[in-house]
$ cat entry_13.cif   # mmCIF, C-alpha atoms
data_query
#
loop_
_atom_site.label_atom_id
_atom_site.label_comp_id
_atom_site.auth_asym_id
_atom_site.auth_seq_id
_atom_site.Cartn_x
_atom_site.Cartn_y
_atom_site.Cartn_z
CA MET A 1 0.00 0.00 0.00
CA SER A 2 1.37 3.36 -0.92
CA ALA A 3 0.36 6.93 -0.18
CA LYS A 4 0.54 10.03 -2.36
CA THR A 5 2.25 11.88 0.47
CA SER A 6 2.70 11.14 4.10
CA SER A 7 2.62 12.37 7.62
CA ARG A 8 5.93 13.92 8.59
CA HIS A 9 6.32 11.40 11.42
CA LEU A 10 4.61 8.15 10.47
CA THR A 11 4.30 6.28 7.18
CA GLY A 12 3.11 2.93 5.92
CA LYS A 13 1.55 0.42 8.28
CA TRP A 14 2.22 2.51 11.41
CA LEU A 15 0.41 5.49 9.93
CA LEU A 16 -2.52 3.26 8.97
CA ALA A 17 -2.53 1.75 12.47
CA LEU A 18 -2.84 5.19 14.08
CA LEU A 19 -5.55 6.25 11.62
CA THR A 20 -7.42 3.03 12.34
CA THR A 21 -7.23 3.76 16.07
CA LEU A 22 -8.60 7.26 15.50
CA VAL A 23 -11.51 6.06 13.39
CA THR A 24 -12.31 3.31 15.92
CA LEU A 25 -12.38 5.67 18.92
CA GLY A 26 -15.89 7.00 18.28
CA PRO A 27 -17.65 3.67 17.61
CA MET A 28 -15.79 2.05 20.51
CA THR A 29 -17.04 4.72 22.91
CA ILE A 30 -20.61 4.09 21.79
CA SER A 31 -20.61 0.50 23.01
CA PHE A 32 -17.99 0.43 25.79
CA TYR A 33 -20.56 1.26 28.47
CA VAL A 34 -23.43 -0.83 27.05
CA PRO A 35 -23.00 -3.64 29.67
CA SER A 36 -23.39 -0.93 32.34
CA MET A 37 -26.80 0.26 31.12
CA PRO A 38 -28.91 -1.81 33.55
CA SER A 39 -26.57 -0.82 36.40
CA ILE A 40 -26.80 2.87 35.45
CA ALA A 41 -30.60 2.63 35.49
CA GLU A 42 -30.48 1.18 39.01
CA SER A 43 -27.75 3.48 40.33
CA LEU A 44 -29.28 6.73 39.04
CA GLN A 45 -32.87 5.50 39.57
CA ALA A 46 -33.65 6.19 35.92
CA PRO A 47 -36.11 4.48 33.57
CA ILE A 48 -34.75 2.25 30.81
CA GLY A 49 -35.67 4.75 28.09
CA ALA A 50 -33.70 7.52 29.80
CA VAL A 51 -30.61 5.31 30.01
CA GLN A 52 -30.97 4.32 26.36
CA ALA A 53 -31.20 8.04 25.58
CA THR A 54 -27.57 8.43 26.71
CA MET A 55 -26.65 6.66 23.49
CA THR A 56 -28.96 8.91 21.49
CA THR A 57 -27.48 12.11 22.95
CA TYR A 58 -24.00 10.80 22.18
CA LEU A 59 -25.00 10.23 18.56
CA ILE A 60 -26.56 13.70 18.33
CA GLY A 61 -23.35 15.34 19.57
CA PHE A 62 -21.35 13.14 17.25
CA ALA A 63 -23.46 14.08 14.25
CA LEU A 64 -23.51 17.82 14.85
CA ALA A 65 -19.78 18.13 15.55
CA GLN A 66 -18.86 16.62 12.20
CA LEU A 67 -20.39 19.56 10.39
CA ILE A 68 -17.94 21.75 12.29
CA TYR A 69 -14.79 19.61 12.24
CA GLY A 70 -14.93 18.94 8.51
CA PRO A 71 -14.78 22.53 7.20
CA LEU A 72 -12.35 23.61 9.95
CA SER A 73 -9.96 20.80 9.00
CA ASP A 74 -10.18 21.79 5.31
CA ARG A 75 -9.26 25.35 6.30
CA PHE A 76 -6.76 24.97 9.18
CA GLY A 77 -5.50 21.41 8.72
CA ARG A 78 -6.36 18.03 10.20
CA ARG A 79 -3.86 17.99 13.11
CA PRO A 80 -4.91 21.09 15.13
CA ILE A 81 -8.62 20.31 14.83
CA LEU A 82 -7.98 16.69 15.78
CA THR A 83 -6.08 17.83 18.88
CA ALA A 84 -8.91 20.12 19.97
CA GLY A 85 -11.51 17.37 19.49
CA LEU A 86 -9.52 14.85 21.52
CA LEU A 87 -9.18 17.35 24.38
CA ILE A 88 -12.97 17.78 24.43
CA TYR A 89 -13.40 14.00 24.40
CA LEU A 90 -10.99 13.56 27.30
CA ALA A 91 -12.70 16.22 29.43
CA ALA A 92 -16.22 14.91 28.73
CA SER A 93 -15.26 11.31 29.50
CA LEU A 94 -13.91 12.39 32.87
CA LEU A 95 -17.07 14.40 33.60
CA CYS A 96 -19.25 11.34 32.82
CA THR A 97 -17.68 9.55 35.81
CA PHE A 98 -19.02 12.23 38.15
CA ALA A 99 -22.59 12.38 36.79
CA ALA A 100 -25.05 12.40 39.71
CA SER A 101 -28.23 12.16 37.63
CA ILE A 102 -29.32 10.67 34.35
CA GLU A 103 -29.80 14.18 32.95
CA GLN A 104 -26.18 15.06 33.72
CA LEU A 105 -25.00 11.84 32.11
CA GLN A 106 -27.08 12.52 29.00
CA ALA A 107 -25.54 16.00 28.70
CA MET A 108 -21.97 14.75 29.21
CA ARG A 109 -22.53 11.96 26.71
CA MET A 110 -23.53 14.56 24.12
CA LEU A 111 -20.31 16.47 24.82
CA GLN A 112 -18.37 13.21 24.69
CA GLY A 113 -19.86 12.44 21.28
CA PHE A 114 -19.01 15.97 20.14
CA GLY A 115 -15.36 15.32 20.94
CA ALA A 116 -15.21 11.67 19.86
CA CYS A 117 -16.32 12.35 16.31
CA CYS A 118 -13.01 14.07 15.52
CA GLY A 119 -11.38 10.64 15.26
CA PRO A 120 -13.59 9.07 12.59
CA ILE A 121 -14.21 12.27 10.63
CA LEU A 122 -10.59 13.39 10.44
CA GLY A 123 -9.16 9.87 10.24
CA ARG A 124 -11.20 9.24 7.09
CA ALA A 125 -10.24 12.63 5.68
CA ILE A 126 -6.54 11.88 6.27
CA VAL A 127 -6.93 8.58 4.40
CA ARG A 128 -8.48 10.57 1.54
CA ASP A 129 -5.52 12.98 1.70
CA LEU A 130 -2.88 10.27 1.53
CA PHE A 131 -4.31 7.40 -0.53
CA GLU A 132 -6.06 7.06 -3.87
CA GLY A 133 -7.74 4.46 -6.07
CA PRO A 134 -7.64 0.79 -4.96
CA ALA A 135 -5.17 1.65 -2.17
CA MET A 136 -7.78 3.95 -0.64
CA VAL A 137 -10.45 1.25 -0.86
CA ARG A 138 -8.10 -1.23 0.81
CA ALA A 139 -7.27 1.27 3.56
CA PHE A 140 -10.97 1.80 4.21
CA SER A 141 -11.46 -1.99 4.27
CA ILE A 142 -8.80 -2.37 6.97
CA ILE A 143 -10.23 0.54 8.93
CA GLY A 144 -13.73 -0.84 8.45
CA ALA A 145 -12.69 -4.18 9.93
CA ALA A 146 -11.32 -2.37 12.98
CA VAL A 147 -14.53 -0.36 13.26
CA ALA A 148 -16.36 -3.68 13.64
CA VAL A 149 -13.87 -5.27 16.02
CA GLY A 150 -13.59 -2.18 18.25
CA PRO A 151 -17.29 -1.82 19.16
CA ALA A 152 -17.50 -5.59 19.64
CA VAL A 153 -14.42 -5.86 21.85
CA ALA A 154 -15.40 -2.72 23.78
CA PRO A 155 -18.44 -4.31 25.52
CA MET A 156 -16.24 -7.25 26.54
CA MET A 157 -13.82 -4.86 28.23
CA GLY A 158 -16.71 -2.80 29.57
CA GLY A 159 -18.40 -5.89 31.02
CA LEU A 160 -15.28 -6.89 32.91
CA VAL A 161 -14.76 -3.34 34.20
CA GLN A 162 -18.43 -3.13 35.19
CA GLU A 163 -18.31 -6.31 37.27
CA ALA A 164 -15.04 -5.35 38.94
CA PHE A 165 -15.40 -1.61 39.54
CA GLY A 166 -18.87 -0.35 38.54
CA TRP A 167 -20.23 1.81 35.73
CA GLN A 168 -18.22 4.96 36.52
CA ALA A 169 -14.97 3.09 35.89
CA ASN A 170 -16.02 2.45 32.29
CA PHE A 171 -15.95 6.16 31.57
CA MET A 172 -12.62 6.53 33.36
CA VAL A 173 -11.14 3.81 31.12
CA VAL A 174 -12.23 5.52 27.90
CA ALA A 175 -10.81 8.79 29.26
CA ILE A 176 -7.45 7.07 29.69
CA ILE A 177 -7.67 5.67 26.16
CA GLY A 178 -8.47 9.13 24.84
CA GLY A 179 -5.47 10.57 26.64
CA ILE A 180 -3.16 7.96 25.11
CA VAL A 181 -4.51 8.61 21.61
CA LEU A 182 -4.01 12.35 22.11
CA MET A 183 -0.36 11.78 23.07
CA LEU A 184 0.21 9.60 20.00
CA VAL A 185 -1.28 12.26 17.73
CA LEU A 186 0.83 15.03 19.24
CA ILE A 187 4.04 13.01 19.02
CA PHE A 188 3.69 10.98 15.82
CA LEU A 189 1.07 12.45 13.47
CA GLY A 190 1.99 15.25 11.09
CA GLU A 191 -0.28 17.38 8.91
CA SER A 192 -1.74 15.62 5.87
CA ASN A 193 -3.77 18.47 4.39
CA LEU A 194 -1.10 20.15 2.28
CA ASN A 195 -3.58 22.16 0.21
CA LEU A 196 -5.52 24.23 2.70
CA ASN A 197 -8.77 25.63 1.39
CA LEU A 198 -8.70 29.22 2.66
CA HIS A 199 -12.42 29.67 2.07
CA ALA A 200 -13.60 26.35 3.50
CA ALA A 201 -14.54 27.70 6.97
CA LYS A 202 -16.40 30.78 5.73
CA PRO A 203 -20.13 30.38 6.40
CA ARG A 204 -21.11 30.98 2.79
CA ALA A 205 -18.48 28.54 1.53
CA VAL A 206 -19.48 25.95 4.14
CA LEU A 207 -23.12 26.16 3.12
CA ARG A 208 -22.18 26.04 -0.56
CA ASN A 209 -20.01 22.95 -0.05
CA TYR A 210 -22.64 21.12 1.96
CA PHE A 211 -25.33 22.06 -0.52
CA SER A 212 -23.22 20.74 -3.40
CA LEU A 213 -22.76 17.47 -1.53
CA VAL A 214 -26.35 16.84 -0.44
CA THR A 215 -27.63 17.67 -3.93
CA ASN A 216 -25.15 15.30 -5.58
CA ARG A 217 -27.17 12.20 -6.43
CA THR A 218 -24.20 9.84 -6.46
CA PHE A 219 -22.82 11.11 -3.14
CA MET A 220 -26.19 10.85 -1.42
CA GLY A 221 -26.86 7.43 -2.89
CA TYR A 222 -23.69 5.96 -1.42
CA VAL A 223 -24.11 7.83 1.87
CA LEU A 224 -27.77 6.95 2.47
CA VAL A 225 -27.35 3.26 1.71
CA SER A 226 -24.40 3.06 4.11
CA ALA A 227 -26.12 5.17 6.77
CA LEU A 228 -29.34 3.14 6.74
CA ILE A 229 -27.55 -0.19 7.11
CA PHE A 230 -25.31 1.40 9.76
CA SER A 231 -28.35 2.65 11.69
CA GLY A 232 -29.53 -0.93 12.15
CA VAL A 233 -26.32 -1.63 14.06
CA PHE A 234 -27.18 1.16 16.51
CA ALA A 235 -30.67 -0.25 16.97
CA TYR A 236 -29.07 -3.58 17.85
CA HIS A 237 -26.62 -2.00 20.31
CA VAL A 238 -29.30 -0.02 22.14
CA SER A 239 -31.51 -3.13 22.42
CA SER A 240 -29.02 -5.94 23.06
CA ALA A 241 -28.11 -5.22 26.70
CA PHE A 242 -31.74 -5.32 27.78
CA LEU A 243 -32.55 -8.35 25.63
CA PHE A 244 -29.61 -10.42 26.86
CA ILE A 245 -29.00 -9.08 30.39
CA ALA A 246 -32.44 -7.94 31.59
CA GLU A 247 -34.56 -10.58 29.80
CA LEU A 248 -32.28 -13.60 29.38
CA GLY A 249 -30.38 -13.01 32.62
CA LEU A 250 -26.79 -12.95 31.32
CA ARG A 251 -24.09 -11.33 33.46
CA PRO A 252 -22.34 -8.26 31.97
CA SER A 253 -19.17 -10.29 31.33
CA GLN A 254 -21.21 -12.99 29.54
CA PHE A 255 -22.95 -10.34 27.49
CA ALA A 256 -19.55 -8.95 26.55
CA LEU A 257 -18.51 -12.31 25.12
CA ILE A 258 -21.75 -12.46 23.12
CA ALA A 259 -20.85 -9.12 21.55
CA LEU A 260 -17.79 -10.76 19.98
CA VAL A 261 -19.96 -13.18 18.00
CA THR A 262 -20.80 -10.55 15.39
CA VAL A 263 -17.14 -9.67 14.74
CA PRO A 264 -16.27 -12.59 12.40
CA ALA A 265 -19.38 -11.89 10.33
CA TYR A 266 -18.57 -8.21 9.83
CA VAL A 267 -14.85 -8.83 9.25
CA SER A 268 -15.64 -11.57 6.73
CA GLY A 269 -17.99 -9.29 4.79
CA ASN A 270 -15.48 -6.46 4.95
CA PHE A 271 -12.58 -8.66 3.85
CA LEU A 272 -14.53 -10.25 1.01
CA SER A 273 -15.71 -6.84 -0.15
CA GLY A 274 -12.15 -5.53 -0.30
CA ARG A 275 -10.75 -8.59 -2.04
CA LEU A 276 -13.47 -8.72 -4.68
CA ARG A 277 -13.06 -4.98 -5.28
CA MET A 278 -9.32 -5.39 -5.81
CA ARG A 279 -10.09 -8.16 -8.33
CA GLY A 280 -12.26 -5.86 -10.42
CA MET A 281 -15.79 -6.30 -9.08
CA LYS A 282 -17.63 -3.00 -9.10
CA GLY A 283 -18.49 -1.24 -5.85
CA ARG A 284 -22.17 -1.05 -6.77
CA GLN A 285 -22.40 -4.82 -7.19
CA LEU A 286 -20.80 -5.38 -3.79
CA ILE A 287 -23.14 -2.90 -2.13
CA GLY A 288 -26.10 -4.69 -3.70
CA CYS A 289 -24.91 -8.04 -2.31
CA GLY A 290 -24.43 -6.49 1.12
CA VAL A 291 -27.86 -4.89 1.21
CA THR A 292 -29.44 -8.22 0.22
CA CYS A 293 -27.68 -10.01 3.09
CA ALA A 294 -28.68 -7.32 5.59
CA LEU A 295 -32.30 -7.37 4.42
CA THR A 296 -32.45 -11.16 4.76
CA GLY A 297 -30.98 -11.03 8.26
CA ALA A 298 -33.41 -8.29 9.30
CA ALA A 299 -36.40 -10.28 8.04
CA LEU A 300 -35.23 -13.35 9.99
CA VAL A 301 -34.96 -11.36 13.23
CA GLY A 302 -38.61 -10.40 12.86
CA ILE A 303 -39.75 -13.87 11.82
CA LEU A 304 -38.01 -15.54 14.78
CA ALA A 305 -38.95 -12.89 17.36
CA ASP A 306 -41.88 -14.82 18.90
CA GLU A 307 -39.49 -16.68 21.20
CA LEU A 308 -36.44 -14.86 22.58
CA SER A 309 -33.18 -16.81 22.58
CA LEU A 310 -29.54 -16.13 21.78
CA VAL A 311 -29.66 -18.25 18.62
CA ARG A 312 -32.81 -16.60 17.29
CA VAL A 313 -31.29 -13.14 17.61
CA LEU A 314 -27.58 -13.73 16.93
CA GLY A 315 -28.08 -16.07 13.97
CA PRO A 316 -29.88 -13.48 11.81
CA MET A 317 -27.65 -10.69 13.13
CA LEU A 318 -24.59 -12.53 11.80
CA LEU A 319 -26.06 -12.28 8.32
CA TYR A 320 -26.94 -8.61 8.89
CA PHE A 321 -23.40 -7.78 10.06
CA PHE A 322 -21.90 -9.67 7.11
CA GLY A 323 -23.94 -7.49 4.76
CA PHE A 324 -22.96 -4.38 6.70
CA GLY A 325 -19.30 -5.36 6.28
CA MET A 326 -19.73 -5.57 2.52
CA VAL A 327 -21.53 -2.24 2.23
CA LEU A 328 -19.50 0.10 4.42
CA PRO A 329 -16.06 0.32 2.73
CA GLN A 330 -17.60 0.62 -0.74
CA GLY A 331 -20.03 3.27 0.45
CA ILE A 332 -17.28 5.36 2.05
CA ALA A 333 -14.94 5.11 -0.95
CA GLY A 334 -17.72 5.83 -3.42
CA ALA A 335 -18.85 8.90 -1.48
CA LEU A 336 -15.42 10.47 -0.87
CA GLN A 337 -13.57 9.66 -4.10
CA PRO A 338 -14.99 12.53 -6.21
CA PHE A 339 -14.26 15.29 -3.66
CA PRO A 340 -10.51 15.71 -2.97
CA ARG A 341 -10.74 19.48 -2.41
CA ILE A 342 -13.48 19.22 0.22
CA ALA A 343 -12.70 15.78 1.62
CA GLY A 344 -13.22 17.03 5.18
CA SER A 345 -16.65 18.44 4.39
CA ALA A 346 -17.60 15.33 2.42
CA SER A 347 -16.49 13.07 5.28
CA ALA A 348 -18.36 15.32 7.74
CA SER A 349 -21.57 15.19 5.72
CA MET A 350 -21.37 11.44 5.44
CA GLY A 351 -20.64 10.99 9.15
CA CYS A 352 -23.38 13.40 10.19
CA ILE A 353 -25.98 11.56 8.12
CA GLN A 354 -24.79 8.19 9.43
CA MET A 355 -24.95 9.27 13.06
CA ALA A 356 -28.26 11.09 12.63
CA SER A 357 -29.68 7.89 11.16
CA GLY A 358 -28.25 5.95 14.09
CA ALA A 359 -29.78 8.40 16.56
CA VAL A 360 -33.21 8.06 14.95
CA SER A 361 -33.06 4.26 14.82
CA SER A 362 -31.92 4.05 18.45
CA VAL A 363 -34.77 6.33 19.57
CA VAL A 364 -37.31 4.29 17.60
CA ALA A 365 -35.94 0.96 18.85
CA ALA A 366 -35.95 2.23 22.45
CA GLY A 367 -39.44 3.65 22.10
CA LEU A 368 -40.86 0.44 20.66
CA TYR A 369 -39.16 -1.81 23.21
CA HIS A 370 -41.36 -2.82 26.16
CA GLY A 371 -39.50 -5.82 27.53
CA ASP A 372 -41.19 -8.15 25.06
CA GLY A 373 -38.26 -9.65 23.18
CA ALA A 374 -36.82 -8.80 19.77
CA HIS A 375 -40.01 -7.66 18.01
CA ALA A 376 -39.06 -3.95 18.10
CA LEU A 377 -35.53 -4.68 16.92
CA GLY A 378 -36.83 -6.79 14.04
CA TRP A 379 -39.19 -4.06 12.81
CA VAL A 380 -36.49 -1.39 12.94
CA LEU A 381 -33.94 -3.57 11.12
CA LEU A 382 -36.44 -4.49 8.44
CA ALA A 383 -37.43 -0.85 7.90
CA VAL A 384 -33.86 0.45 7.50
CA ALA A 385 -32.80 -2.46 5.27
CA MET A 386 -35.79 -2.03 2.97
CA ALA A 387 -35.13 1.71 2.77
CA ALA A 388 -31.49 1.00 1.92
CA GLY A 389 -32.58 -1.32 -0.86
CA LEU A 390 -34.88 1.33 -2.28
CA ILE A 391 -32.12 3.96 -2.21
CA PHE A 392 -29.70 1.53 -3.81
CA PHE A 393 -31.94 0.93 -6.81
CA THR A 394 -33.01 4.55 -7.26
CA MET A 395 -29.92 6.64 -6.36
CA VAL A 396 -26.80 4.56 -7.06
CA PRO A 397 -26.70 4.27 -10.86
CA VAL A 398 -24.57 1.66 -12.57
CA GLU A 399 -22.17 4.26 -13.98
CA ALA A 400 -21.50 5.74 -10.51
CA ASP A 401 -18.55 3.42 -9.80
CA PRO A 402 -15.66 4.94 -7.81
CA ASP A 403 -13.02 4.12 -10.42
CA GLU A 404 -15.12 5.52 -13.24
CA LEU A 405 -15.71 8.70 -11.27
CA HIS A 406 -11.99 8.99 -10.57
CA HIS A 407 -11.10 8.75 -14.23
#
$ encode --input "entry_13.cif" --output "structure tokens"
Amino acid sequence: MSAKTSSRHLTGKWLLALLTTLVTLGPMTISFYVPSMPSIAESLQAPIGAVQATMTTYLIGFALAQLIYGPLSDRFGRRPILTAGLLIYLAASLLCTFAASIEQLQAMRMLQGFGACCGPILGRAIVRDLFEGPAMVRAFSIIGAAVAVGPAVAPMMGGLVQEAFGWQANFMVVAIIGGIVLMLVLIFLGESNLNLNLHAAKPRAVLRNYFSLVTNRTFMGYVLVSALIFSGVFAYHVSSAFLFIAELGLRPSQFALIALVTVPAYVSGNFLSGRLRMRGMKGRQLIGCGVTCALTGAALVGILADELSLVRVLGPMLLYFFGFGMVLPQGIAGALQPFPRIAGSASASMGCIQMASGAVSSVVAAGLYHGDGAHALGWVLLAVAMAAGLIFFTMVPVEADPDELHH
């Protein structure tokens, strides 16, 4: 794998490793505290819906911040904006440990999401700065695999921390991780945006850039398909702790091990997507295969929801995560490839739409859940997968292949 240019400190696999860590930080923080949700409800004497809303507020902060980080990084560079975002993340994570009410925790989670989004948004933009063509797709495939492993491993770590030290310790751990990442950025990561756009942060230019992106049919096609499938993952995360811990009686550490089950499915889909793309299969074809797998898995969750069991939920979710793994790297590459001059804004728009979709799906899944098994999850998954299929057929035309756009 080669890059067009490089960070002044890191190159090659070490650069990609740091970028992967940055991109994984946000998704990991979403799920690290999931095993603590029932304990938070008990400790803060809060209803289940209010605890689930801490994930929604995180996603809202995450989505809104991307619209700010993207243009600022196009104007002032990736490194200073990344540093500022990581400082916000570190402070908010520490404040979460001292939350005395569910309302305080919801507010701090929003601030935490605001800071955490700097990793994924700017990590993706740096990949767009440094890589091109098939190398960029492969980089996004590697990062995409880590994005799946991180949120799956995070509940395992969070479950162990929860049982040993309680829910506050989970937020202290992510604060420590954020501090380490900040040190690595300051020491090892140079500036990748060598062509600063002096007008990118001006309000009129920002609005013009975002308008050009959201009115671009190809961009929105790739983004919406990816975001809708992605939103089903958030619906699963916000539901799973209560399904498996509250209803089936698993301990937090057991639940954490269950979270790992979806990793091989996502990584397999992601790996196959990257390999087939490198061998000449078009991104649109791979996205179509992924959406089909996700839709089938979603339908099976609903069909099997009459009796709650691990097999009836995890079996279909493996197929859903496999499809998600096929869709995500192709959707990211297809959306960002045509916009080198406003890569930060393009990445921000994509991330904002993804997280806004996740926030909506998590709210709907939480609102429909009444302690009656996986029915609510099945309906939400089916709705987002069907919508993704509709967008795929109507907004991602055959000629809108990343390589064709590049040439």
$ closest_residue --input "entry_13.cif" --among "A:His370, A:Arg208, A:Arg109, A:Arg312" --to "Ala92 in chain A" --atoms "only C-alpha atoms"
A:Arg109
$ residues_near_point --input "entry_13.cif" --point "(-24.7, 0.2, -1.4)" --cutoff "7 Å" --atoms "all atoms listed in the file" --output "list in words"
Tyr222, Val225, Ser226, Arg284, Ile287, Gly288, Val291, Val327, Gly331 and Phe392 of chain A
$ closest_residue --input "entry_13.cif" --among "A:Pro264, A:Pro252, A:Gly297, A:Pro38" --to "Met157 in chain A" --atoms "all atoms listed in the file"
A:Pro252
$ closest_residue --input "entry_13.cif" --among "A:Leu22, A:Met281, A:Leu15, A:Leu377" --to "Val181 in chain A" --atoms "all atoms listed in the file"
A:Leu22
$ residues_around --input "entry_13.cif" --residues "Tyr266 in chain A" --least-positions-apart "5" --cutoff "7 Å" --atoms "only C-alpha atoms" --output "PyMOL selection string"
chain A and resi 148+321-322+324-325
$ closest_residue --input "entry_13.cif" --among "A:Thr57, A:Ser73, A:Thr20, A:Ser347" --to "Tyr210 in chain A" --atoms "only C-alpha atoms"
A:Ser347
$ residues_around --input "entry_13.cif" --residues "Glu163 in chain A" --least-positions-apart "4" --cutoff "12 Å" --atoms "all atoms listed in the file" --output "PyMOL selection string"
chain A and resi 33+35-36+39+155-159+167-170+251-256
$ closest_residue --input "entry_13.cif" --among "A:Trp14, A:Phe32, A:Ile126, A:Met395" --to "Ser93 in chain A" --atoms "only C-alpha atoms"
A:Phe32
$ closest_residue --input "entry_13.cif" --among "A:Val161, A:Ala235, A:Cys117, A:Ala63" --to "Ile81 in chain A" --atoms "only C-alpha atoms"
A:Cys117
$ residues_around --input "entry_13.cif" --residues "Leu182 in chain A" --least-positions-apart "4" --cutoff "8 Å" --atoms "all atoms listed in the file" --output "MDAnalysis selection string"
chainID A and resid 83 86:87 178 186
$ atom_distance --input "entry_13.cif" --atom1 "CA of Gly290 in chain A" --atom2 "CA of Ala259 in chain A"
20.9 Å
$ residues_around --input "entry_13.cif" --residues "Gly378 in chain A" --least-positions-apart "4" --cutoff "7 Å" --atoms "all atoms listed in the file" --output "VMD selection string"
chain A and resid 298 to 299 301 to 302 374 382
$ resolve_selection --input "entry_13.cif" --expression "the PyMOL selection byres ((chain A and resi 53) around 10)" --output "ChimeraX atom specification"
/A:48-52,54-59,102-103,105-106,109,238,359,362-363,366-367
$ decode --input "entry_13.cif" --residues "range 356-377 of chain A" --atoms "C-alpha atoms" --output "CSV table (one decimal), in the first residue's frame"
chain,number,residue,atom,x,y,z
A,356,ALA,CA,-28.3,11.1,12.6
A,357,SER,CA,-29.7,7.9,11.2
A,358,GLY,CA,-28.3,6.0,14.1
A,359,ALA,CA,-29.8,8.4,16.6
A,360,VAL,CA,-33.2,8.1,14.9
A,361,SER,CA,-33.1,4.3,14.8
A,362,SER,CA,-31.9,4.1,18.5
A,363,VAL,CA,-34.8,6.3,19.6
A,364,VAL,CA,-37.3,4.3,17.6
A,365,ALA,CA,-35.9,1.0,18.9
A,366,ALA,CA,-35.9,2.2,22.5
A,367,GLY,CA,-39.4,3.7,22.1
A,368,LEU,CA,-40.9,0.4,20.7
A,369,TYR,CA,-39.2,-1.8,23.2
A,370,HIS,CA,-41.4,-2.8,26.2
A,371,GLY,CA,-39.5,-5.8,27.5
A,372,ASP,CA,-41.2,-8.2,25.1
A,373,GLY,CA,-38.3,-9.7,23.2
A,374,ALA,CA,-36.8,-8.8,19.8
A,375,HIS,CA,-40.0,-7.7,18.0
A,376,ALA,CA,-39.1,-4.0,18.1
A,377,LEU,CA,-35.5,-4.7,16.9
